[in-house]
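Reviewing the structure listed below.
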Amino acid sequence: MRPVNFLDGLNPQQQRAVTAGLGPVLVLAGPGSGKTRVLTQRVAYLIGAMGVRPYQILAVTFTNKAAREMEGRVIGLLGESARGVTLGTFHAICARILRREAEHLPLDSNFVIFDDDDQHSLVRRAISELNLDEKIYRPQAIHGSISNAKNELLLPDEYPVQTYRDEVVKRVYVRYQQMLLANNAVDFDDLLLYTAKLLEENQVVREKYARRYEHVLVDEFQDTNQAQYSLLKHLASFHNNIFAVGDADQSIYRWRGADYRNVLRFEQDYPATQVVLLEQNYRSTQRILDIAMAVIDRNPHRKRKHLFTDRGEGVKTFLHQAYDDRAEAAFVVDTIATLIGRKQAQPGDFAAMYRTNAQSRLLEEAFLHAGLPYKLVGAQRFYGRREVKDVLAYLRLVHNPNDEFSLGRTINTPARGIGDKTLQVLRTQAQKLNLSPGGLLLRLPREAETHREAFTARALSALVGFGDKLSSWSAQAGELSPLHLLDRILSDTDYHSYIDDGTEEGHDRWENVMELRRLAAEYQERSLNEFLEDVALVSDQDTLEASANVPTLLTLHAAKGLEFPIVFIIGLNDGTLPHSRSFEDPEAMQEERRLLYVGITRAKDRLYLVNAQNRSTYGYGEPADPSRFLDDIPAELIEESSPDRPAYRSQPASSNRTWSGSSGATRWQSSSQPRPQDSAPIIKQQFPPGSHVEHSTWGPGMVLNSRLMDNDEIVDIFFESVGLKRVAASLAKLKIREK
DNA sequence: GCATCGGATTTTTTT
DNA sequence: AATCCGATGC
């Protein structure tokens with residue numbers, strides 16, 4: 001092992017953290033304080049200076065990408081001999097443990113991890129099986145309750161019942177869990193739940209891992225939930241060397257059970273904890289830090305931190321109020337183009353952040369309109385696309401024929417004459433024979449005669465046809481690489497002609513399939529199992545390649561842990577940020593504030609805070625208030641950019657423009673064309689508040705409110721028949737009813 | 001069994 | 001605006 005100075009370039013606090021002795025260590029790390037660096041150096045220090053074997057180190061990161069980076073850096077410092085650290089997200093690490101320990105579980109080691117959609121449809125099926133009304137018991141909400149229970153390590157029979165709803169949730173939970181097991185499947189929460197329970201209840205297994213992992217390190221500790229916290233405790237229970245890094249102010253996953261109070265609990269549970277505070281910031285200018293502190297200091301019950309930097313004052317933060325959300329997006333794109341045009345920045349320097357995924361659409365349109373490239377993190381994620389899910393479902397089905405959901409997804413995609421009815425019969429038949437539907441399907445080709453009675457001739461031949469294909473794939477799955485299996489499936493199903501229907505969308509879809517194919521190609525040497533697992537556990541950030549020099553669009557949540565020279569935070573309106581769903585709940589409001597804090601502290605040099613005077617929620621635009629958080633920012637830190645007079649409308653795309661040679665970018669800076677509503681309205685109000693109207697389907701009603709917008713009249717009417725409705729006068733056939 | 005249409009409903013954040 | 005669901009017709 002080559003000699004390395006593990007403390008190179010570290011400040012005293014960082015050094016203390018890296019070289020902390022045995023026992024529990026808690027590093028409270030402000031944003032940009034070099035915590036990733038500390039974590040990496042700590043691992044290197046343990047191996048290189050303390051002689052710990054890599055195999056005996058466990059490091060939990062928030063994303064797979066962070067894990068890969070850490071491994072790369074440690075190996076960069078110490079060379080190949082440093083390989084072998086157990087590195088990954090909680091979910092990935094748990095999946096590995098569970099596969100190894102499957103004998104102690106009600107699962108086969110080749111269990112599948114159900115994604116969001118699978119989980120959702122499973123819950124829906126459980127609800128419908130229990131004859132409950134989906135309208136009243138929303139699958140999403142029920143699933144949320146189940147998920148919370150799992151994060152608190154509550155099994156179905158331990159689910160506390162206080163209300164009738166709890167009773168319902170419990171019944172669904174029981175059924176849901178049965179169904180998962182029947183499919184040899186787990187959901188995301190199960191990975192944590194099963195592992196935590198296993199370590200808790202099985203002393204032999206617990207000691208095996210606890211002895212092995214001499215050192216346990218965790219990043220983003222403030223975002224651990226109960227299950228994760230308990231996991232850590234068990235894993236560190238033998239050596240007690242637990243090294244946790246976190247920042248309570250950056251806790252933004254409360255809604256999925258994360259509890260920043262785990263930071264406080266840590267000090268209680270481990271009284272001997274050495275605490276290290278990292279306050280010096282190496283990322284942002286002082287003015288940006290001052291804004292961040294002004295925002296976060298309003299949260300009660302927190303340890304005040306004083307963030308400082310030697311990067312200098314920097315420029316003031318820009319506050320821009322756009323006319324509406326379209327103009328907001330246009331402002332972002334225009335500003336980016338201008339700065340690039342002036343050679344003050346490169347395209348890859350920019351990020352635009354927002355509260356909800358839906359907000360990305362207008363931004364995308366603005367970029368598209370300008371003909372400029374961008375990259376989007378998350379949203380309709382790659383793995384969420386229909387075509388990608390189809391192909392993965394085929395692979396999953398081959399891997400695990402008991403997976404009913406993959407069967408359901410693939411059996412008639414592309415259409416091969418197997419509808420709901422036939423599938424239903426297949427299910428009942430399978431149940432009679434004590435088989436899974438997939439299991440029966442595999443036998444069907446050989447045993448067709450036996451099942452003549454159950455199916456119609458047409459259905460049977462369709463099923464036999466598919467069963468044939470499936471068993472031939474299964475037979476070859478062992479020999480073929482994931483890539484070749486995928487190719488076989490694509491050609492056997494003629495998937496290309498099914499998905500690529502000649503439209504542009506079809507073409508894009510096929511491109512996505514090809515992208516998946518490229519990913520599979522990286523698994524030549526590895527098993528189908530590994531491919532499927534990695535795919536199931538990728539996070540949004542994992543898919544973010546650093547290479548492309550283009551602006552990044554992402555949610556504030558996805559921005560955690562990242563940094564950009566120039567950051568736009570858009571949608572700074574009450575109702576959006578803070579989100580209206582949080583208004584009622586003070587804890588949730590504090591989290592909204594932390595979310596903004598995370599966003600602000602991503603910026604290195606320049607920060608733009610943007611909001612809109614009007615914002616469209618469902619269909620129509622509505623006036624919106626500026627975010628209350630803006631009130632907390634001292635005026636001297638802000639430079640208000642000119643109010644949004646020109647109606648930003650990016651020029652039509654000048655075809656295939658890219659960021660390279662961006663000198664021309666300023667050309668398409670907004671040429672202002674006043675919007676209709678800037679000049680005199682073209683239409684007149686016809687239905688003033690108080691007027692009585694008649695609607696063709698809803699009958700009589702009274703106008704409560706009416707305003708002119710986008711060349712239309714938007715009217716809120718209270719109907720005797722259906723109550724309050726909002727209609728556009730141009731669409732609804734409204735008549736004034738004389739009194 | 002499947003495609004199409006219209007209406008209702010939707011939006012918080014994610015491994 | 002976009003998706004999802006159920007009803008309808010072929």
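Here's how to read the names in the structure tokens: chain A, B, ... by the order shown, residue numbers from 1 in each chain, ligand numbers from 1 in the order shown.
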Query - Residue neighbourhood stretch 5-14 of chain B, 9 Å, only C-alpha atoms (C1' of nucleotides), exclusion window fewer than 4 positions, as a PyMOL selection string - result: (chain A and resi 252-253+255-256+355-358+539-540+555-558+579+581+617-618) or (chain C and resi 2-5+8)
Requested in this report: Compile the residues of chain A that lie within 12 Å of chain C, evaluated using only C-alpha atoms (C1' of nucleotides), and express the compilation as JSON, numbers by chain.
Outcome: {"A": [134, 135, 358, 361, 362, 616, 617, 618, 619, 620]}
Save out the residues we just selected, N, CA and C atoms, as a JSON list (two decimals), in the first residue's frame.
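As a result, selection_37.json now contains:
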```json
[["chain", "number", "residue", "atom", "x", "y", "z"],
["A", 134, "GLU", "N", -62.60, 2.01, -3.80],
["A", 134, "GLU", "CA", -61.36, 2.74, -4.08],
["A", 134, "GLU", "C", -61.51, 4.25, -3.93],
["A", 135, "LYS", "N", -62.75, 4.70, -4.14],
["A", 135, "LYS", "CA", -62.98, 6.13, -4.06],
["A", 135, "LYS", "C", -62.81, 6.62, -2.63],
["A", 358, "ALA", "N", -44.30, 18.42, -11.66],
["A", 358, "ALA", "CA", -45.15, 19.00, -12.69],
["A", 358, "ALA", "C", -44.57, 20.32, -13.21],
["A", 361, "ARG", "N", -42.47, 20.78, -16.61],
["A", 361, "ARG", "CA", -43.00, 20.75, -17.97],
["A", 361, "ARG", "C", -42.81, 22.09, -18.69],
["A", 362, "LEU", "N", -43.18, 23.17, -18.02],
["A", 362, "LEU", "CA", -43.06, 24.47, -18.66],
["A", 362, "LEU", "C", -41.60, 24.80, -18.94],
["A", 616, "SER", "N", -50.78, 28.47, -12.91],
["A", 616, "SER", "CA", -51.88, 27.56, -13.22],
["A", 616, "SER", "C", -51.77, 26.29, -12.41],
["A", 617, "THR", "N", -52.83, 25.99, -11.72],
["A", 617, "THR", "CA", -52.84, 24.79, -10.90],
["A", 617, "THR", "C", -53.45, 23.65, -11.68],
["A", 618, "TYR", "N", -54.72, 23.66, -11.93],
["A", 618, "TYR", "CA", -55.31, 22.61, -12.74],
["A", 618, "TYR", "C", -55.31, 23.01, -14.20],
["A", 619, "GLY", "N", -56.35, 23.64, -14.61],
["A", 619, "GLY", "CA", -56.35, 24.07, -15.99],
["A", 619, "GLY", "C", -55.98, 25.53, -16.15],
["A", 620, "TYR", "N", -56.61, 26.35, -15.33],
["A", 620, "TYR", "CA", -56.53, 27.78, -15.56],
["A", 620, "TYR", "C", -55.59, 28.48, -14.59]]
```
Requested in this report: Between atom CA of A:Leu155 and atom CA of A:Lys233, measure the distance and give it in Å to one decimal.
Outcome: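 It comes out at 19.7 Å.
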Query - Residues near A:Val123, cut-off 9 Å, only C-alpha atoms (C1' of nucleotides), skip fewer than 5 positions along chain, as a ChimeraX atom specification - result: /A:118,128,139-140,142-143,172-173,175-176
Pull C-alpha atoms from the residues just selected and write them as a PDB file, in the first residue's frame.
```pdb
ATOM      1  CA  ASP A 118     -46.419  -2.927  -8.985  1.00  0.00           C
ATOM      2  CA  SER A 128     -60.929  -4.669  -4.447  1.00  0.00           C
ATOM      3  CA  PRO A 139     -54.875   3.082  -2.807  1.00  0.00           C
ATOM      4  CA  GLN A 140     -52.131   5.666  -2.593  1.00  0.00           C
ATOM      5  CA  ILE A 142     -53.590   3.231   2.103  1.00  0.00           C
ATOM      6  CA  HIS A 143     -50.239   2.316   0.674  1.00  0.00           C
ATOM      7  CA  VAL A 172     -55.380  -4.377   3.286  1.00  0.00           C
ATOM      8  CA  TYR A 173     -51.905  -4.605   4.784  1.00  0.00           C
ATOM      9  CA  ARG A 175     -53.659  -9.116   2.238  1.00  0.00           C
ATOM     10  CA  TYR A 176     -51.017  -7.000   0.525  1.00  0.00           C
TER      11      TYR A 176
END
```
Query raised in the report: Would you give me, as a list in words, the residues in stretch 362-603 of chain A that DSSP reads as strand (DSSP E or B)?
Result: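 Residues of stretch 362-603 of chain A classed as strand (DSSP E or B): Lys375, Leu376, Thr552, Leu553, Leu554, Thr555, Phe564, Pro565, Ile566, Val567, Phe568, Ile569, Asn573, Gly575, Thr576, His579 and Ala603 of chain A.
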Query raised in the report: Using only C-alpha atoms (C1' of nucleotides), which of the listed residues (A:Thr61, A:Asn131, A:Asn611, A:Gln14) sits closest to chain B?
Result: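 Counting only C-alpha atoms (C1' of nucleotides), the residue closest to chain B is A:Thr61.
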